[in-house]
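**Student:** After the structure tokens below, expect a handful of questions from me.
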Amino acid sequence: MKNISIIPQPVKIELTGGEFLFTPETSIVAAGDAAGVAAYLAEVLQPALGHKSVISPAAAKPDQPVIHLSIDSELSRLGKEGYLLSINPQQVDIKAPAPAGLFYGVQTLRQLLPPEIFADKPAETITWSVPCLEIEDYPRFGWRGAMLDVCRHFMPLEFIYKFIDLLALHKMNSFHWHLTEDQGWRIEIKKYPKLTEVGAWRRETMVGRLEWGQTEFKFDGIPHGGFYSQDQIRQVVDYAKSRFINVLPEIEMPGHSQAAIASYPELGNTGKQIEVSCGWGIHEDVFNVEESTILFLQDVLTEVMELFPSTFIHVGGDECPKTHWKNSPAAQKRMKDLGLKDEDELQSYFIRRMDTFLTAHGRRLVGWDEILEGGLAPGATVMSWRGEEGGITAANADHDVVMAPTQYTYLDYYQSQDTDKEPLAIGGFLPLERVYQYDPVPQGIQPDKVKHVLGTQAQLWTEYMPNPAHVEYMAFPRLSALSEVAWTPLDRKDYSQFIQRLRAHLSRLDALKVNYRKLD
């Protein structure tokens, strides 16, 4: 279709002939619940247009060219994120049953305009026109997201905002913010200031890739760290909310906790003072299972819940070595007192305590698929990363799942098998086409349990991504492909056609100054 290169691909598109021309007189008509999205549209168009569009509750005169945004409750069949977009030579009309749908209609409208509309300065030599058409659109999945690890390498606040905007452009609605790790604690907790005074900083950082069995390591000798204040986090959450993105915080437990234990050694199993980790890999230092530690983490979660309105709170639960528990008389006594048969059940007990706590506060626990081991907490949602098996098992047991398997969604993997021509990565190979071909509903899920697949998300672990430009290179255009996996009906997906649309879409990323990987 001429001029039609929308990503993700809408459900239905019909070209009707002609075009709508933007002029300085074009205004935005919106009222009531549509006003917020109208203000967003005027804001994002202003830099390239060179002026701010007037927003009014009605057109000034009958023949005035307008962009009309409205809420229509009779369109409930489209769901809260669906919309209708109708364009004729006199009017752009976006209708939706809820503001989120209007917002996604606006994203489609932006992609119908020339790519220069995404620039941060006026472009004077192009015609601001869009083709006349009819679009009906709504998402396949309700969870469409990306996880960003800011612990292995701290990411500046301005990049967090840019990343959220890029998610919004792709109609993604979940920003999974990985905030605590062995290598850094990135969220201010007022009750426990040492978490950031100590835990947010490491002496240096490992150089080169961690290899299996490696015993000698090189470090750069450069201190690294940073954290987000509670005020900054509130601002990010508000910014994301205005773009209909939920911010999902992740506070890792009981593993991946060395930075916290470095801050408060009594949280560990040895009582020894340790340092914030400077290297990668799985670490033996994990939280102990004493009541005082459980209460400490629940205090942390209390402050997290005050900052994040997200229904879901992620507690990690992955890659927790049990060595220190096996060697700890206190952990063994705890296990015996609770009548637990092994350390897997001890971890399950730990996660169940967090599940009960979050449920009592009206929230829902999410964890990586290791939380299945030893028995799954009653209200838990599973994020299936070690392949699809965990998601299949959880869904068939009536637990909600988010599909995030390494072989399709781990964007820290290499994008080419010729790794010498690529920046250093953790390993693996995940080309653009494989991301695009992913179906988040695996065959092993029983037909009546498919409803438990909430959606899918990308993972950006940053051991080998030291700065925003590197994150962008690993994320795009693979994240563009995953947005279509999450939004577009299965029967509307076509890789060769996607690539054609992607070539035009990359011009938008150019205008947005995204350091994406060029197509092969």
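Every chain in the structure tokens takes a letter, A first, then B, and so on in the order presented; its residues are numbered from 1, and the ligands are numbered from 1 following the presented order.
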If you run DSSP over the backbone, which residues in range 224-372 of chain A end up strand (DSSP E)? Put them as a list in words.
**Tutor:**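 Output for range 224-372 of chain A, strand (DSSP E) only: His224, Gly225, Asn246, Val247, Leu248, Pro249, Glu250, Ile251, Glu252, Met253, Phe312, Ile313, His314, Val315, Gly316, Arg364, Leu365, Val366, Gly367 and Trp368 of chain A.
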**Student:** Set out as JSON lines a contact list for range 90-129 of chain A and range 26-33 of chain A with a cut-off of 10 Å, giving each residue of range 90-129 of chain A that qualifies its closest atom pair and distance in Å to one decimal, counting only C-alpha atoms, ordered by chain and rising residue number.
**Tutor:**
{"residue": "A:Gln90", "atom": "CA", "partner": "A:Thr26", "partner_atom": "CA", "distance": 9.9}
{"residue": "A:Gln91", "atom": "CA", "partner": "A:Thr26", "partner_atom": "CA", "distance": 9.4}
{"residue": "A:Val92", "atom": "CA", "partner": "A:Ile28", "partner_atom": "CA", "distance": 9.3}
{"residue": "A:Asp93", "atom": "CA", "partner": "A:Val29", "partner_atom": "CA", "distance": 9.5}
{"residue": "A:Ala98", "atom": "CA", "partner": "A:Asp33", "partner_atom": "CA", "distance": 8.1}
{"residue": "A:Pro99", "atom": "CA", "partner": "A:Asp33", "partner_atom": "CA", "distance": 6.6}
{"residue": "A:Leu102", "atom": "CA", "partner": "A:Asp33", "partner_atom": "CA", "distance": 9.9}
**Student:** Report, in Å with one decimal, the straight-line distance from CA of Trp487 in chain A to CA of Ala119 in chain A.
**Tutor:**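 CA of Ala119 in chain A lies at a distance of 25.6 Å from CA of Trp487 in chain A.
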**Student:** Quick one: everything within 10 Å of Leu45 in chain A, counting only C-alpha atoms, minus sequence neighbours fewer than 4 positions away in the same chain. Send it as a PDB file with N, CA and C atoms, in the first residue's frame.
**Tutor:**
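What landed in around-v5.pdb:
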ATOM      1  N   TYR A  40      -1.310  15.603  24.123  1.00  0.00           N
ATOM      2  CA  TYR A  40      -0.120  14.829  23.742  1.00  0.00           C
ATOM      3  C   TYR A  40       0.159  14.975  22.246  1.00  0.00           C
ATOM      4  N   LEU A  41      -0.874  14.861  21.424  1.00  0.00           N
ATOM      5  CA  LEU A  41      -0.698  14.969  19.969  1.00  0.00           C
ATOM      6  C   LEU A  41      -0.134  16.336  19.592  1.00  0.00           C
ATOM      7  N   LEU A  49       6.385  20.638  13.165  1.00  0.00           N
ATOM      8  CA  LEU A  49       5.471  21.573  12.490  1.00  0.00           C
ATOM      9  C   LEU A  49       5.923  23.023  12.658  1.00  0.00           C
ATOM     10  N   GLY A  50       6.602  23.291  13.753  1.00  0.00           N
ATOM     11  CA  GLY A  50       7.038  24.658  14.002  1.00  0.00           C
ATOM     12  C   GLY A  50       6.002  25.506  14.705  1.00  0.00           C
ATOM     13  N   HIS A  51       4.867  24.918  15.028  1.00  0.00           N
ATOM     14  CA  HIS A  51       3.843  25.644  15.794  1.00  0.00           C
ATOM     15  C   HIS A  51       3.019  24.621  16.571  1.00  0.00           C
ATOM     16  N   LYS A  52       2.309  25.092  17.569  1.00  0.00           N
ATOM     17  CA  LYS A  52       1.483  24.201  18.371  1.00  0.00           C
ATOM     18  C   LYS A  52       0.048  24.252  17.889  1.00  0.00           C
ATOM     19  N   SER A  53      -0.503  23.096  17.568  1.00  0.00           N
ATOM     20  CA  SER A  53      -1.878  23.040  17.074  1.00  0.00           C
ATOM     21  C   SER A  53      -2.855  23.512  18.144  1.00  0.00           C
ATOM     22  N   ARG A 110       0.587   9.330  13.447  1.00  0.00           N
ATOM     23  CA  ARG A 110       1.969   9.810  13.336  1.00  0.00           C
ATOM     24  C   ARG A 110       2.752   9.021  12.289  1.00  0.00           C
ATOM     25  N   ILE A 117       8.248  14.176  10.617  1.00  0.00           N
ATOM     26  CA  ILE A 117       7.393  14.653  11.710  1.00  0.00           C
ATOM     27  C   ILE A 117       7.990  14.259  13.063  1.00  0.00           C
ATOM     28  N   PHE A 118       8.902  13.268  13.069  1.00  0.00           N
ATOM     29  CA  PHE A 118       9.504  12.797  14.321  1.00  0.00           C
ATOM     30  C   PHE A 118      10.752  13.594  14.705  1.00  0.00           C
ATOM     31  N   ALA A 119      11.164  14.527  13.858  1.00  0.00           N
ATOM     32  CA  ALA A 119      12.362  15.313  14.142  1.00  0.00           C
ATOM     33  C   ALA A 119      12.098  16.340  15.237  1.00  0.00           C
ATOM     34  N   ASP A 120      13.176  16.840  15.829  1.00  0.00           N
ATOM     35  CA  ASP A 120      13.037  17.805  16.926  1.00  0.00           C
ATOM     36  C   ASP A 120      13.184  19.247  16.458  1.00  0.00           C
ATOM     37  N   PRO A 122      11.814  22.111  12.970  1.00  0.00           N
ATOM     38  CA  PRO A 122      10.900  22.243  11.827  1.00  0.00           C
ATOM     39  C   PRO A 122      11.530  21.765  10.514  1.00  0.00           C
TER      40      PRO A 122
END
**Student:** Of the candidates A:Val289, A:Ala240, A:Leu512, A:Ile313, which one gets nearest to Leu338 in chain A if we count only C-alpha atoms?
**Tutor:**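 Residue with the minimum atom-to-atom distance to Leu338 in chain A: A:Val289.
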**Student:** Tell me, as a ChimeraX atom specification, which residues lie within 12 Å of Gln214 in chain A, counting only C-alpha atoms; anything in the same chain fewer than 5 positions away does not count.
**Tutor:** /A:208-209,279-281
**Student:** What is the distance, in Å and to one decimal place, between CA of Tyr239 in chain A and CA of Ser483 in chain A?
**Tutor:**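 Taking CA of Tyr239 in chain A as the start and CA of Ser483 in chain A as the end point, the length is 20.3 Å.
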**Student:** Within range 135-321 of chain A, find each residue whose DSSP state, derived from the backbone, is alpha helix (DSSP H), and express the selection as a ChimeraX atom specification.
**Tutor:** /A:157-169,194-197,230-241,258-263,291-307
**Student:** Identify, on the basis of only C-alpha atoms, every residue whose closest approach to range 376-384 of chain A does not exceed 9 Å; exclude the query and any residue fewer than 3 positions from it along the same chain; express the result as a PyMOL selection string.
**Tutor:** chain A and resi 312+348-349+351-356+359+364-373+387-392+394-395+399-406+456
**Student:** For the residues in the current selection, export N, CA and C atoms as an mmCIF file, in the first residue's frame.
**Tutor:**
data_model
loop_
_atom_site.group_PDB
_atom_site.id
_atom_site.type_symbol
_atom_site.label_atom_id
_atom_site.label_comp_id
_atom_site.auth_asym_id
_atom_site.auth_seq_id
_atom_site.Cartn_x
_atom_site.Cartn_y
_atom_site.Cartn_z
ATOM 1 N N PHE A 312 0.844 -5.328 39.152
ATOM 2 C CA PHE A 312 1.871 -6.365 39.260
ATOM 3 C C PHE A 312 3.156 -5.795 39.864
ATOM 4 N N SER A 348 10.265 -21.586 47.750
ATOM 5 C CA SER A 348 8.828 -21.460 47.503
ATOM 6 C C SER A 348 8.130 -20.806 48.690
ATOM 7 N N TYR A 349 8.540 -21.197 49.918
ATOM 8 C CA TYR A 349 7.990 -20.569 51.129
ATOM 9 C C TYR A 349 8.275 -19.066 51.121
ATOM 10 N N ILE A 351 8.887 -17.052 48.566
ATOM 11 C CA ILE A 351 8.083 -16.367 47.547
ATOM 12 C C ILE A 351 6.618 -16.326 47.957
ATOM 13 N N ARG A 352 6.150 -17.391 48.602
ATOM 14 C CA ARG A 352 4.743 -17.423 49.030
ATOM 15 C C ARG A 352 4.474 -16.332 50.063
ATOM 16 N N ARG A 353 5.456 -16.074 50.940
ATOM 17 C CA ARG A 353 5.296 -14.992 51.917
ATOM 18 C C ARG A 353 5.135 -13.643 51.211
ATOM 19 N N MET A 354 5.904 -13.447 50.156
ATOM 20 C CA MET A 354 5.802 -12.194 49.404
ATOM 21 C C MET A 354 4.480 -12.125 48.648
ATOM 22 N N ASP A 355 4.038 -13.259 48.139
ATOM 23 C CA ASP A 355 2.766 -13.321 47.421
ATOM 24 C C ASP A 355 1.610 -12.956 48.357
ATOM 25 N N THR A 356 1.628 -13.521 49.553
ATOM 26 C CA THR A 356 0.577 -13.222 50.534
ATOM 27 C C THR A 356 0.589 -11.744 50.905
ATOM 28 N N THR A 359 -0.633 -9.630 47.886
ATOM 29 C CA THR A 359 -2.070 -9.849 47.706
ATOM 30 C C THR A 359 -2.874 -9.070 48.750
ATOM 31 N N ARG A 364 -0.359 -7.986 42.715
ATOM 32 C CA ARG A 364 -0.123 -9.354 42.241
ATOM 33 C C ARG A 364 1.369 -9.585 42.021
ATOM 34 N N LEU A 365 1.850 -10.703 42.504
ATOM 35 C CA LEU A 365 3.266 -11.046 42.377
ATOM 36 C C LEU A 365 3.549 -11.643 40.999
ATOM 37 N N VAL A 366 4.659 -11.203 40.416
ATOM 38 C CA VAL A 366 5.200 -11.809 39.201
ATOM 39 C C VAL A 366 6.608 -12.273 39.506
ATOM 40 N N GLY A 367 6.984 -13.433 38.957
ATOM 41 C CA GLY A 367 8.351 -13.910 39.120
ATOM 42 C C GLY A 367 8.798 -14.693 37.905
ATOM 43 N N TRP A 368 10.105 -14.809 37.747
ATOM 44 C CA TRP A 368 10.652 -15.654 36.681
ATOM 45 C C TRP A 368 10.281 -17.109 36.953
ATOM 46 N N ASP A 369 10.405 -17.971 35.951
ATOM 47 C CA ASP A 369 9.768 -19.292 36.050
ATOM 48 C C ASP A 369 10.367 -20.212 37.119
ATOM 49 N N GLU A 370 11.520 -19.856 37.704
ATOM 50 C CA GLU A 370 12.042 -20.661 38.810
ATOM 51 C C GLU A 370 11.091 -20.691 40.004
ATOM 52 N N ILE A 371 10.180 -19.727 40.076
ATOM 53 C CA ILE A 371 9.254 -19.732 41.219
ATOM 54 C C ILE A 371 8.302 -20.931 41.175
ATOM 55 N N LEU A 372 8.318 -21.674 40.063
ATOM 56 C CA LEU A 372 7.548 -22.914 39.982
ATOM 57 C C LEU A 372 8.161 -24.022 40.840
ATOM 58 N N GLU A 373 9.474 -23.970 41.052
ATOM 59 C CA GLU A 373 10.185 -25.034 41.757
ATOM 60 C C GLU A 373 9.812 -25.025 43.236
ATOM 61 N N GLY A 387 12.868 -20.902 28.110
ATOM 62 C CA GLY A 387 12.017 -21.577 27.147
ATOM 63 C C GLY A 387 10.557 -21.353 27.476
ATOM 64 N N GLU A 388 9.700 -22.191 26.935
ATOM 65 C CA GLU A 388 8.248 -22.022 27.090
ATOM 66 C C GLU A 388 7.632 -22.972 28.105
ATOM 67 N N GLU A 389 8.409 -23.948 28.585
ATOM 68 C CA GLU A 389 7.844 -25.004 29.418
ATOM 69 C C GLU A 389 7.230 -24.449 30.704
ATOM 70 N N GLY A 390 7.925 -23.500 31.338
ATOM 71 C CA GLY A 390 7.388 -22.919 32.572
ATOM 72 C C GLY A 390 6.051 -22.244 32.340
ATOM 73 N N GLY A 391 5.940 -21.536 31.236
ATOM 74 C CA GLY A 391 4.682 -20.873 30.904
ATOM 75 C C GLY A 391 3.573 -21.863 30.628
ATOM 76 N N ILE A 392 3.905 -22.934 29.934
ATOM 77 C CA ILE A 392 2.909 -23.983 29.636
ATOM 78 C C ILE A 392 2.408 -24.607 30.929
ATOM 79 N N ALA A 394 2.507 -23.410 34.012
ATOM 80 C CA ALA A 394 1.758 -22.461 34.838
ATOM 81 C C ALA A 394 0.373 -22.188 34.268
ATOM 82 N N ALA A 395 0.280 -21.975 32.960
ATOM 83 C CA ALA A 395 -1.022 -21.686 32.339
ATOM 84 C C ALA A 395 -1.978 -22.865 32.498
ATOM 85 N N HIS A 399 -2.592 -20.428 36.174
ATOM 86 C CA HIS A 399 -1.838 -19.226 36.547
ATOM 87 C C HIS A 399 -1.599 -18.378 35.298
ATOM 88 N N ASP A 400 -1.675 -17.063 35.454
ATOM 89 C CA ASP A 400 -1.355 -16.175 34.338
ATOM 90 C C ASP A 400 0.132 -16.235 34.032
ATOM 91 N N VAL A 401 0.467 -16.066 32.752
ATOM 92 C CA VAL A 401 1.860 -16.129 32.329
ATOM 93 C C VAL A 401 2.161 -15.004 31.343
ATOM 94 N N VAL A 402 3.418 -14.579 31.359
ATOM 95 C CA VAL A 402 3.960 -13.687 30.340
ATOM 96 C C VAL A 402 5.088 -14.457 29.662
ATOM 97 N N MET A 403 4.988 -14.612 28.350
ATOM 98 C CA MET A 403 5.971 -15.408 27.627
ATOM 99 C C MET A 403 7.185 -14.546 27.278
ATOM 100 N N ALA A 404 8.355 -14.972 27.779
ATOM 101 C CA ALA A 404 9.590 -14.202 27.596
ATOM 102 C C ALA A 404 10.778 -15.140 27.368
ATOM 103 N N PRO A 405 10.650 -16.142 26.479
ATOM 104 C CA PRO A 405 11.702 -17.149 26.335
ATOM 105 C C PRO A 405 12.969 -16.589 25.692
ATOM 106 N N THR A 406 14.103 -17.124 26.159
ATOM 107 C CA THR A 406 15.395 -16.647 25.663
ATOM 108 C C THR A 406 15.501 -16.722 24.149
ATOM 109 N N THR A 456 3.558 -10.921 25.914
ATOM 110 C CA THR A 456 4.984 -11.190 25.771
ATOM 111 C C THR A 456 5.774 -9.906 25.988
#
**Student:** For Met147 in chain A, which residue among A:Arg243, A:His314, A:Lys218, A:Lys451 is the nearest when counting only C-alpha atoms?
**Tutor:**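 Of all the options, A:His314 lies closest to Met147 in chain A.
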**Student:** Set the distance at 12 Å and use only C-alpha atoms: which residues neighbour Ala330 in chain A once local chain neighbours fewer than 2 positions away are removed? I'd like the list as a list in words.
**Tutor:**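 Contacts, in chain order: Gly268, Asn269, Thr270, Gly271, Asn288, Val289, Glu290, Glu291, His324, Trp325, Lys326, Asn327, Ser328, Gln332, Lys333, Arg334, Met335, Lys336 and Asp337 of chain A.
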**Student:** Write out as a ChimeraX atom specification each polymer residue whose atoms come within 9 Å of Phe498 in chain A, counting only C-alpha atoms; drop sequence neighbours fewer than 4 positions from it.
**Tutor:** /A:5,7-9,436,481,484,493-494,502-503
**Student:** For each of A:Leu157, A:Val44, A:Val453, A:Leu340, take the minimum atom-to-atom distance to Glu116 in chain A, counting only C-alpha atoms, then give the residue where this is smallest.
**Tutor:** A:Val44
**Student:** Nearest to Glu181 in chain A: which of A:Lys12, A:His256, A:Lys341, A:Arg234 is it, counting only C-alpha atoms?
**Tutor:**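 Closest to Glu181 in chain A of all the choices is A:His256.
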